[in-house]
Amino acid sequence: MLAPDLVTRFAADLAALTGEPHPPLALAVSGGPDSMAMLALAAAALPGDVIAATFDHRLRAESAGEAAMVARWCADHAIPHAVLTPARPIAANSLQARARTARYAALAAWAAGQGARFVATAHHADDQAETMLMRANRASGVAGLSGIRRRRPLGAVMLVRPLLGWRRAELAAIVAALALPVVDDPSNRDPRFARARVRQWLAAIPELDTGSIARSADHLAEMLADWEQLADRVWSQRPADAAIDVADQPRTLRRLLLRRLIAAVRASHAIVRPPFGPETHVEAMLDALAEGRRATQGGVVVTPRGTVWTAAPAPPRRDHA
Ligand SMILES: Nc1ncnc2c1ncn2[C@@H]1O[C@H](COP(=O)(O)OP(=O)(O)OP(=O)(O)O)[C@@H](O)[C@H]1O
């Protein structure tokens with residue numbers, strides 16, 4: 001049996017994230033210890049209101065058996081479970097990124113198809129601290145340093161991370177106490193992967209407090225949310241659908257508005273290439289625009305006329321002219 005205080009805590013964390021006391025929840029369960037602990041917590045906190053899915057990337061021989069293990073546990077606990085598979089094989093180049101994109105797309109489509117509004121992953125405070133340190137090491141800006149988002153839109157549903165305030169060891173204790181079956185992923189300890197090395201390094205230095213590092217990410221995320229609210233206001237008053245007026249706007253706001261402008265043109269013209277995401281740097285573009293020069297990013301060209309920046313799809317590149 002799960003300790004009641006853990007169940008109450010999970011329910012409270014979830015309610016704070018979703019704004020609802022008892023939200024039906026779709027869970028992304030890989031079968032690793034973190035997501036198995038989340039499954040047990042959600043099953044206890046929201047009886048009858050939980051569904052789960054495992055994405056079988058079909059990249060390793062064991063993956064089908066791992067998905068079947070999660071399916072069995074769910075069947076034993078009367079939780080509807082689906083095994084999702086890639087629409088087409090995941091290409092070998094940029095394997096991690098492609099696997100993630102395929103996984104999130106499949107989870108979003110499944111959750112929406114089931115009528116769920118929230119899909120949860122089991123990212124926790126240790127993941128958050130590792131992510132933050134790795135991003136600091138790449139000179140990330142505030143958006144990158146604010147780490148794994150607590151909630152963000154994912155297709156037609158909202159992706160939530162109710163365990164960001166929980167430590168990996170707390171989840172491991174739940175796995176042990178309930179004797180949950182788990183998949184062991186040796187790559188988590190494989191020192192060839194940067195994340196595994198950061199994890200070992202964090203554990204080896206007692207002065208580094210993982211929880212505090214994760215909370216720093218929270219502070220940045222809060223600040224960013226405030227700026228996003230300001231950006232909402234300015235965005236809603238833009239002079240045209242594909243134009244922004246940056247007069248008197250500080251650079252932080254210009255950056256957020258420019259990112260929205262590019263994203264909006266990409267969406268309205270169905271531009272998928274070149275990639276553009278939260279990690280894309282727009283700094284050089286901001287500099288160019290401030291100096292009155294047009295600039296291109298993510299397949300979108302932005303032209304400054306005074307303080308009004310207008311965006312349009314970039315002409316196709318003629319690499320092989
Ligand atoms: N194959 C899968 N099927 C379902 N859910 C998964 C799968 N892999 C990962 N997840 C979900 O994502 C969480 C984080 O997993 P993991 O740390 O492997 O992902 P990640 O590499 O950090 O991906 P991302 O950077 O996109 O978050 C898991 O706890 C689980 O909730």
# chains A, B, ... in the order shown; residues from 1 in each chain; ligands from 1
>>> residues_around(residues="stretch 67-79 of chain A", least_positions_apart="6", cutoff="6 Å", atoms="only C-alpha atoms", output="list in words")
Gly31, Ile51 and Thr54 of chain A
>>> select_by_dssp(residues="stretch 51-262 of chain A", states="strand (DSSP E or B)", output="list in words")
Ile51, Ala52, Ala53, Thr54, Phe55, His81, Ala82, Val83, Leu84, Phe118, Val119, Ala120, Arg151, Arg152, Pro153, Leu154, Val157, Met158, Leu159, Val160, Ala240, Ala243, Ile244 and Asp245 of chain A
>>> write_last_selection(atoms="N, CA and C atoms", output="short mmCIF file (atom, residue, chain, number, x, y, z; two decimals), in the first residue's frame")
data_model
loop_
_atom_site.label_atom_id
_atom_site.label_comp_id
_atom_site.auth_asym_id
_atom_site.auth_seq_id
_atom_site.Cartn_x
_atom_site.Cartn_y
_atom_site.Cartn_z
N ILE A 51 -5.67 6.57 -17.53
CA ILE A 51 -5.34 5.67 -18.63
C ILE A 51 -3.83 5.80 -18.87
N ALA A 52 -3.23 4.81 -19.51
CA ALA A 52 -1.78 4.84 -19.69
C ALA A 52 -1.42 4.35 -21.08
N ALA A 53 -0.25 4.80 -21.56
CA ALA A 53 0.26 4.30 -22.84
C ALA A 53 1.77 4.18 -22.78
N THR A 54 2.26 3.19 -23.51
CA THR A 54 3.70 3.00 -23.66
C THR A 54 4.02 3.08 -25.14
N PHE A 55 5.00 3.90 -25.46
CA PHE A 55 5.40 4.02 -26.86
C PHE A 55 6.53 3.03 -27.11
N HIS A 81 -4.81 0.49 -20.98
CA HIS A 81 -3.44 0.74 -21.44
C HIS A 81 -3.33 0.50 -22.93
N ALA A 82 -2.55 1.33 -23.60
CA ALA A 82 -2.33 1.17 -25.04
C ALA A 82 -0.84 1.08 -25.32
N VAL A 83 -0.49 0.24 -26.29
CA VAL A 83 0.89 0.25 -26.78
C VAL A 83 0.87 1.01 -28.10
N LEU A 84 1.66 2.09 -28.15
CA LEU A 84 1.71 2.92 -29.36
C LEU A 84 2.99 2.58 -30.12
N PHE A 118 -5.24 16.03 -20.27
CA PHE A 118 -3.89 16.13 -19.69
C PHE A 118 -3.13 14.82 -19.90
N VAL A 119 -1.90 14.95 -20.38
CA VAL A 119 -1.04 13.77 -20.46
C VAL A 119 0.20 14.07 -19.61
N ALA A 120 0.57 13.11 -18.76
CA ALA A 120 1.65 13.36 -17.79
C ALA A 120 2.87 12.50 -18.08
N ARG A 151 4.11 22.52 -17.45
CA ARG A 151 2.99 22.24 -18.35
C ARG A 151 3.22 22.98 -19.64
N ARG A 152 2.83 22.35 -20.72
CA ARG A 152 2.89 23.04 -22.02
C ARG A 152 1.92 22.34 -22.98
N PRO A 153 1.37 23.11 -23.92
CA PRO A 153 0.45 22.49 -24.89
C PRO A 153 1.19 21.44 -25.71
N LEU A 154 0.52 20.34 -25.98
CA LEU A 154 1.08 19.27 -26.81
C LEU A 154 -0.05 18.82 -27.74
N VAL A 157 -3.77 18.46 -26.46
CA VAL A 157 -3.83 18.23 -25.01
C VAL A 157 -2.77 19.08 -24.29
N MET A 158 -2.79 19.02 -22.97
CA MET A 158 -1.79 19.74 -22.17
C MET A 158 -0.85 18.70 -21.57
N LEU A 159 0.45 18.90 -21.84
CA LEU A 159 1.45 18.00 -21.26
C LEU A 159 1.79 18.52 -19.86
N VAL A 160 1.71 17.66 -18.85
CA VAL A 160 2.01 18.09 -17.49
C VAL A 160 3.08 17.20 -16.87
N ALA A 240 -0.49 43.91 -37.65
CA ALA A 240 -1.05 43.01 -38.67
C ALA A 240 -0.75 41.59 -38.23
N ALA A 243 2.99 40.85 -38.41
CA ALA A 243 3.88 41.98 -38.12
C ALA A 243 3.80 42.36 -36.64
N ILE A 244 4.94 42.82 -36.12
CA ILE A 244 4.96 43.31 -34.74
C ILE A 244 5.59 44.70 -34.72
N ASP A 245 5.16 45.48 -33.75
CA ASP A 245 5.78 46.80 -33.58
C ASP A 245 6.60 46.73 -32.29
#
>>> residues_around(residues="A:Leu286", least_positions_apart="2", cutoff="9 Å", atoms="only C-alpha atoms", output="list in words")
Arg251, Arg254, Arg255, Leu258, Val282, Glu283, Ala284, Ala288, Leu289, Ala290, Glu291 and Ala295 of chain A
>>> residues_near_ligand(ligand="ligand 1", cutoff="9 Å", atoms="only C-alpha atoms and all ligand atoms", output="PDB file with C-alpha atoms, in the first residue's frame")
ATOM      1  CA  LEU A  27       0.008   8.752 -18.370  1.00  0.00           C
ATOM      2  CA  ALA A  28       3.129   8.257 -20.494  1.00  0.00           C
ATOM      3  CA  VAL A  29       4.678   5.143 -18.981  1.00  0.00           C
ATOM      4  CA  SER A  30       7.969   3.831 -20.369  1.00  0.00           C
ATOM      5  CA  GLY A  31       8.201   1.105 -17.717  1.00  0.00           C
ATOM      6  CA  GLY A  32      11.206   2.768 -16.060  1.00  0.00           C
ATOM      7  CA  PRO A  33      11.095   3.256 -12.274  1.00  0.00           C
ATOM      8  CA  ASP A  34       9.995   6.910 -12.482  1.00  0.00           C
ATOM      9  CA  SER A  35       6.961   6.360 -14.677  1.00  0.00           C
ATOM     10  CA  MET A  36       6.008   3.129 -12.869  1.00  0.00           C
ATOM     11  CA  MET A  38       3.844   7.755 -11.278  1.00  0.00           C
ATOM     12  CA  ALA A  52      -1.778   4.842 -19.687  1.00  0.00           C
ATOM     13  CA  ALA A  53       0.259   4.302 -22.842  1.00  0.00           C
ATOM     14  CA  THR A  54       3.699   3.001 -23.658  1.00  0.00           C
ATOM     15  CA  PHE A  55       5.403   4.021 -26.858  1.00  0.00           C
ATOM     16  CA  ASP A  56       7.323   1.124 -28.378  1.00  0.00           C
ATOM     17  CA  HIS A  57       9.986   2.870 -30.457  1.00  0.00           C
ATOM     18  CA  SER A  63      11.030  -2.907 -26.246  1.00  0.00           C
ATOM     19  CA  ALA A  67       5.571  -2.458 -23.179  1.00  0.00           C
ATOM     20  CA  VAL A  83       0.891   0.247 -26.785  1.00  0.00           C
ATOM     21  CA  LEU A  84       1.710   2.918 -29.356  1.00  0.00           C
ATOM     22  CA  GLN A  96      17.224  10.568 -29.929  1.00  0.00           C
ATOM     23  CA  ALA A  97      15.487  13.675 -31.246  1.00  0.00           C
ATOM     24  CA  ALA A  99      12.465   9.145 -31.207  1.00  0.00           C
ATOM     25  CA  ARG A 100      11.285  11.901 -28.868  1.00  0.00           C
ATOM     26  CA  THR A 101       9.322  13.708 -31.598  1.00  0.00           C
ATOM     27  CA  ARG A 103       6.872   9.577 -29.022  1.00  0.00           C
ATOM     28  CA  TYR A 104       5.313  12.898 -28.097  1.00  0.00           C
ATOM     29  CA  LEU A 107       1.141  10.272 -27.063  1.00  0.00           C
ATOM     30  CA  ALA A 120       1.649  13.358 -17.793  1.00  0.00           C
ATOM     31  CA  THR A 121       5.284  12.315 -17.973  1.00  0.00           C
ATOM     32  CA  ALA A 122       7.339  11.334 -14.935  1.00  0.00           C
ATOM     33  CA  HIS A 123      10.120  13.932 -15.179  1.00  0.00           C
ATOM     34  CA  HIS A 124      11.326  14.743 -11.644  1.00  0.00           C
ATOM     35  CA  ASP A 127      15.936  15.316 -14.281  1.00  0.00           C
ATOM     36  CA  THR A 131      18.797  19.451 -17.607  1.00  0.00           C
ATOM     37  CA  ILE A 148      11.625  21.081 -18.239  1.00  0.00           C
ATOM     38  CA  ARG A 161       4.918  17.024 -15.258  1.00  0.00           C
ATOM     39  CA  ASN A 188      21.005   5.721 -17.783  1.00  0.00           C
TER      40      ASN A 188
END
>>> residues_around(residues="A:Pro24", least_positions_apart="4", cutoff="10 Å", atoms="only C-alpha atoms", output="short mmCIF file (atom, residue, chain, number, x, y, z; two decimals) with C-alpha atoms, in the first residue's frame")
data_model
loop_
_atom_site.label_atom_id
_atom_site.label_comp_id
_atom_site.auth_asym_id
_atom_site.auth_seq_id
_atom_site.Cartn_x
_atom_site.Cartn_y
_atom_site.Cartn_z
CA GLU A 20 -8.76 20.86 -11.23
CA ALA A 42 -1.99 8.19 -10.12
CA LEU A 46 -7.44 9.11 -9.21
CA PRO A 47 -9.07 5.67 -9.10
CA GLY A 48 -11.01 4.99 -12.31
CA ASP A 49 -9.74 8.18 -13.95
CA VAL A 50 -6.38 7.05 -15.26
CA ILE A 51 -5.34 5.67 -18.63
CA GLY A 115 -10.82 12.36 -24.72
CA ALA A 116 -8.09 13.19 -22.20
CA ARG A 117 -7.08 16.80 -21.67
CA PHE A 118 -3.89 16.13 -19.69
CA VAL A 119 -1.04 13.77 -20.46
#
>>> select_by_dssp(residues="stretch 65-136 of chain A", states="alpha helix (DSSP H)", output="PyMOL selection string")
chain A and resi 65-76+95-113+125-136
>>> write_last_selection(atoms="C-alpha atoms", output="compact mmCIF listing (two decimals), in the first residue's frame")
# COMPACT_ATOMS: atom_id res chain seq x y z
CA GLY A 65 8.44 -7.04 -23.88
CA GLU A 66 8.84 -3.86 -21.84
CA ALA A 67 5.57 -2.46 -23.18
CA ALA A 68 3.90 -5.79 -22.44
CA MET A 69 5.15 -5.61 -18.84
CA VAL A 70 3.47 -2.22 -18.36
CA ALA A 71 0.33 -3.57 -20.07
CA ARG A 72 0.19 -6.50 -17.63
CA TRP A 73 0.51 -4.28 -14.56
CA CYS A 74 -2.23 -2.02 -15.91
CA ALA A 75 -4.51 -4.98 -16.68
CA ASP A 76 -4.01 -6.28 -13.11
CA LEU A 95 17.93 9.15 -33.41
CA GLN A 96 17.22 10.57 -29.93
CA ALA A 97 15.49 13.68 -31.25
CA ARG A 98 13.44 11.75 -33.80
CA ALA A 99 12.47 9.14 -31.21
CA ARG A 100 11.29 11.90 -28.87
CA THR A 101 9.32 13.71 -31.60
CA ALA A 102 7.61 10.46 -32.67
CA ARG A 103 6.87 9.58 -29.02
CA TYR A 104 5.31 12.90 -28.10
CA ALA A 105 3.29 13.04 -31.33
CA ALA A 106 1.91 9.54 -30.73
CA LEU A 107 1.14 10.27 -27.06
CA ALA A 108 -0.66 13.51 -27.93
CA ALA A 109 -2.78 11.82 -30.63
CA TRP A 110 -3.61 8.90 -28.35
CA ALA A 111 -4.54 11.11 -25.37
CA ALA A 112 -6.72 13.37 -27.50
CA GLY A 113 -8.36 10.33 -29.10
CA ALA A 125 13.59 17.18 -9.78
CA ASP A 126 16.76 15.22 -10.54
CA ASP A 127 15.94 15.32 -14.28
CA GLN A 128 15.32 19.04 -13.89
CA ALA A 129 18.67 19.71 -12.19
CA GLU A 130 20.56 17.63 -14.77
CA THR A 131 18.80 19.45 -17.61
CA MET A 132 19.56 22.84 -16.11
CA LEU A 133 23.27 22.09 -15.64
CA MET A 134 23.58 20.69 -19.14
CA ARG A 135 21.91 23.77 -20.59
CA ALA A 136 24.05 26.15 -18.52
>>> residues_around(residues="A:Leu261", least_positions_apart="6", cutoff="9 Å", atoms="only C-alpha atoms", output="list of chain:residue names")
A:Trp235, A:Asp241, A:Ala242, A:Ala243, A:Ile244, A:Val302, A:Thr310, A:Ala311
>>> decode(residues="stretch 212-248 of chain A", atoms="N, CA and C atoms", output="PDB file, in the first residue's frame")
ATOM      1  N   SER A 212      17.797  22.184  -4.825  1.00  0.00           N
ATOM      2  CA  SER A 212      17.968  23.639  -4.956  1.00  0.00           C
ATOM      3  C   SER A 212      18.203  24.033  -6.408  1.00  0.00           C
ATOM      4  N   ILE A 213      18.998  23.247  -7.117  1.00  0.00           N
ATOM      5  CA  ILE A 213      19.248  23.558  -8.536  1.00  0.00           C
ATOM      6  C   ILE A 213      17.929  23.501  -9.298  1.00  0.00           C
ATOM      7  N   ALA A 214      17.121  22.482  -8.994  1.00  0.00           N
ATOM      8  CA  ALA A 214      15.822  22.355  -9.672  1.00  0.00           C
ATOM      9  C   ALA A 214      14.932  23.551  -9.336  1.00  0.00           C
ATOM     10  N   ARG A 215      14.999  24.025  -8.084  1.00  0.00           N
ATOM     11  CA  ARG A 215      14.138  25.165  -7.718  1.00  0.00           C
ATOM     12  C   ARG A 215      14.579  26.443  -8.422  1.00  0.00           C
ATOM     13  N   SER A 216      15.888  26.566  -8.682  1.00  0.00           N
ATOM     14  CA  SER A 216      16.360  27.722  -9.461  1.00  0.00           C
ATOM     15  C   SER A 216      15.688  27.735 -10.832  1.00  0.00           C
ATOM     16  N   ALA A 217      15.563  26.562 -11.426  1.00  0.00           N
ATOM     17  CA  ALA A 217      14.877  26.473 -12.723  1.00  0.00           C
ATOM     18  C   ALA A 217      13.438  26.969 -12.573  1.00  0.00           C
ATOM     19  N   ASP A 218      12.798  26.612 -11.448  1.00  0.00           N
ATOM     20  CA  ASP A 218      11.414  27.075 -11.206  1.00  0.00           C
ATOM     21  C   ASP A 218      11.350  28.601 -11.174  1.00  0.00           C
ATOM     22  N   HIS A 219      12.334  29.232 -10.483  1.00  0.00           N
ATOM     23  CA  HIS A 219      12.322  30.701 -10.385  1.00  0.00           C
ATOM     24  C   HIS A 219      12.380  31.318 -11.781  1.00  0.00           C
ATOM     25  N   LEU A 220      13.262  30.759 -12.615  1.00  0.00           N
ATOM     26  CA  LEU A 220      13.391  31.300 -13.970  1.00  0.00           C
ATOM     27  C   LEU A 220      12.112  31.072 -14.764  1.00  0.00           C
ATOM     28  N   ALA A 221      11.512  29.898 -14.573  1.00  0.00           N
ATOM     29  CA  ALA A 221      10.269  29.602 -15.311  1.00  0.00           C
ATOM     30  C   ALA A 221       9.172  30.578 -14.902  1.00  0.00           C
ATOM     31  N   GLU A 222       9.131  30.919 -13.611  1.00  0.00           N
ATOM     32  CA  GLU A 222       8.118  31.876 -13.137  1.00  0.00           C
ATOM     33  C   GLU A 222       8.315  33.238 -13.786  1.00  0.00           C
ATOM     34  N   MET A 223       9.592  33.667 -13.813  1.00  0.00           N
ATOM     35  CA  MET A 223       9.879  34.964 -14.411  1.00  0.00           C
ATOM     36  C   MET A 223       9.503  34.969 -15.893  1.00  0.00           C
ATOM     37  N   LEU A 224       9.833  33.875 -16.549  1.00  0.00           N
ATOM     38  CA  LEU A 224       9.529  33.777 -17.975  1.00  0.00           C
ATOM     39  C   LEU A 224       8.025  33.814 -18.212  1.00  0.00           C
ATOM     40  N   ALA A 225       7.270  33.174 -17.315  1.00  0.00           N
ATOM     41  CA  ALA A 225       5.804  33.170 -17.471  1.00  0.00           C
ATOM     42  C   ALA A 225       5.264  34.593 -17.374  1.00  0.00           C
ATOM     43  N   ASP A 226       5.851  35.398 -16.469  1.00  0.00           N
ATOM     44  CA  ASP A 226       5.426  36.798 -16.366  1.00  0.00           C
ATOM     45  C   ASP A 226       5.697  37.554 -17.667  1.00  0.00           C
ATOM     46  N   TRP A 227       6.891  37.337 -18.219  1.00  0.00           N
ATOM     47  CA  TRP A 227       7.232  37.994 -19.485  1.00  0.00           C
ATOM     48  C   TRP A 227       6.294  37.530 -20.594  1.00  0.00           C
ATOM     49  N   GLU A 228       5.964  36.243 -20.592  1.00  0.00           N
ATOM     50  CA  GLU A 228       5.060  35.717 -21.635  1.00  0.00           C
ATOM     51  C   GLU A 228       3.700  36.396 -21.549  1.00  0.00           C
ATOM     52  N   GLN A 229       3.270  36.683 -20.313  1.00  0.00           N
ATOM     53  CA  GLN A 229       1.986  37.371 -20.153  1.00  0.00           C
ATOM     54  C   GLN A 229       2.039  38.762 -20.772  1.00  0.00           C
ATOM     55  N   LEU A 230       3.163  39.440 -20.502  1.00  0.00           N
ATOM     56  CA  LEU A 230       3.342  40.759 -21.115  1.00  0.00           C
ATOM     57  C   LEU A 230       3.332  40.634 -22.640  1.00  0.00           C
ATOM     58  N   ALA A 231       4.036  39.604 -23.125  1.00  0.00           N
ATOM     59  CA  ALA A 231       4.111  39.405 -24.580  1.00  0.00           C
ATOM     60  C   ALA A 231       2.717  39.135 -25.145  1.00  0.00           C
ATOM     61  N   ASP A 232       1.886  38.394 -24.416  1.00  0.00           N
ATOM     62  CA  ASP A 232       0.502  38.134 -24.860  1.00  0.00           C
ATOM     63  C   ASP A 232      -0.201  39.453 -25.167  1.00  0.00           C
ATOM     64  N   ARG A 233      -0.020  40.393 -24.228  1.00  0.00           N
ATOM     65  CA  ARG A 233      -0.712  41.670 -24.346  1.00  0.00           C
ATOM     66  C   ARG A 233      -0.247  42.416 -25.606  1.00  0.00           C
ATOM     67  N   VAL A 234       1.083  42.513 -25.761  1.00  0.00           N
ATOM     68  CA  VAL A 234       1.618  43.252 -26.915  1.00  0.00           C
ATOM     69  C   VAL A 234       1.259  42.524 -28.214  1.00  0.00           C
ATOM     70  N   TRP A 235       1.343  41.195 -28.188  1.00  0.00           N
ATOM     71  CA  TRP A 235       1.042  40.379 -29.379  1.00  0.00           C
ATOM     72  C   TRP A 235      -0.393  40.628 -29.838  1.00  0.00           C
ATOM     73  N   SER A 236      -1.310  40.722 -28.863  1.00  0.00           N
ATOM     74  CA  SER A 236      -2.723  40.876 -29.236  1.00  0.00           C
ATOM     75  C   SER A 236      -2.978  42.244 -29.867  1.00  0.00           C
ATOM     76  N   GLN A 237      -2.030  43.184 -29.692  1.00  0.00           N
ATOM     77  CA  GLN A 237      -2.221  44.518 -30.291  1.00  0.00           C
ATOM     78  C   GLN A 237      -1.319  44.750 -31.500  1.00  0.00           C
ATOM     79  N   ARG A 238      -0.794  43.677 -32.110  1.00  0.00           N
ATOM     80  CA  ARG A 238       0.149  43.860 -33.224  1.00  0.00           C
ATOM     81  C   ARG A 238      -0.564  44.489 -34.420  1.00  0.00           C
ATOM     82  N   PRO A 239       0.208  45.226 -35.236  1.00  0.00           N
ATOM     83  CA  PRO A 239      -0.407  46.000 -36.324  1.00  0.00           C
ATOM     84  C   PRO A 239      -1.010  45.134 -37.428  1.00  0.00           C
ATOM     85  N   ALA A 240      -0.488  43.911 -37.649  1.00  0.00           N
ATOM     86  CA  ALA A 240      -1.054  43.012 -38.667  1.00  0.00           C
ATOM     87  C   ALA A 240      -0.752  41.586 -38.226  1.00  0.00           C
ATOM     88  N   ASP A 241      -1.419  40.617 -38.860  1.00  0.00           N
ATOM     89  CA  ASP A 241      -1.237  39.213 -38.468  1.00  0.00           C
ATOM     90  C   ASP A 241       0.231  38.801 -38.422  1.00  0.00           C
ATOM     91  N   ALA A 242       0.987  39.229 -39.454  1.00  0.00           N
ATOM     92  CA  ALA A 242       2.380  38.794 -39.546  1.00  0.00           C
ATOM     93  C   ALA A 242       3.335  39.966 -39.338  1.00  0.00           C
ATOM     94  N   ALA A 243       2.988  40.853 -38.408  1.00  0.00           N
ATOM     95  CA  ALA A 243       3.881  41.982 -38.123  1.00  0.00           C
ATOM     96  C   ALA A 243       3.803  42.358 -36.644  1.00  0.00           C
ATOM     97  N   ILE A 244       4.937  42.817 -36.120  1.00  0.00           N
ATOM     98  CA  ILE A 244       4.956  43.309 -34.736  1.00  0.00           C
ATOM     99  C   ILE A 244       5.591  44.695 -34.720  1.00  0.00           C
ATOM    100  N   ASP A 245       5.161  45.481 -33.745  1.00  0.00           N
ATOM    101  CA  ASP A 245       5.781  46.797 -33.575  1.00  0.00           C
ATOM    102  C   ASP A 245       6.604  46.735 -32.291  1.00  0.00           C
ATOM    103  N   VAL A 246       7.936  46.887 -32.418  1.00  0.00           N
ATOM    104  CA  VAL A 246       8.804  46.695 -31.258  1.00  0.00           C
ATOM    105  C   VAL A 246       9.239  48.020 -30.630  1.00  0.00           C
ATOM    106  N   ALA A 247       8.585  49.116 -31.021  1.00  0.00           N
ATOM    107  CA  ALA A 247       8.966  50.419 -30.474  1.00  0.00           C
ATOM    108  C   ALA A 247       8.960  50.369 -28.953  1.00  0.00           C
ATOM    109  N   ASP A 248      10.013  50.852 -28.345  1.00  0.00           N
ATOM    110  CA  ASP A 248      10.161  50.956 -26.888  1.00  0.00           C
ATOM    111  C   ASP A 248      10.102  49.610 -26.159  1.00  0.00           C
TER     112      ASP A 248
END
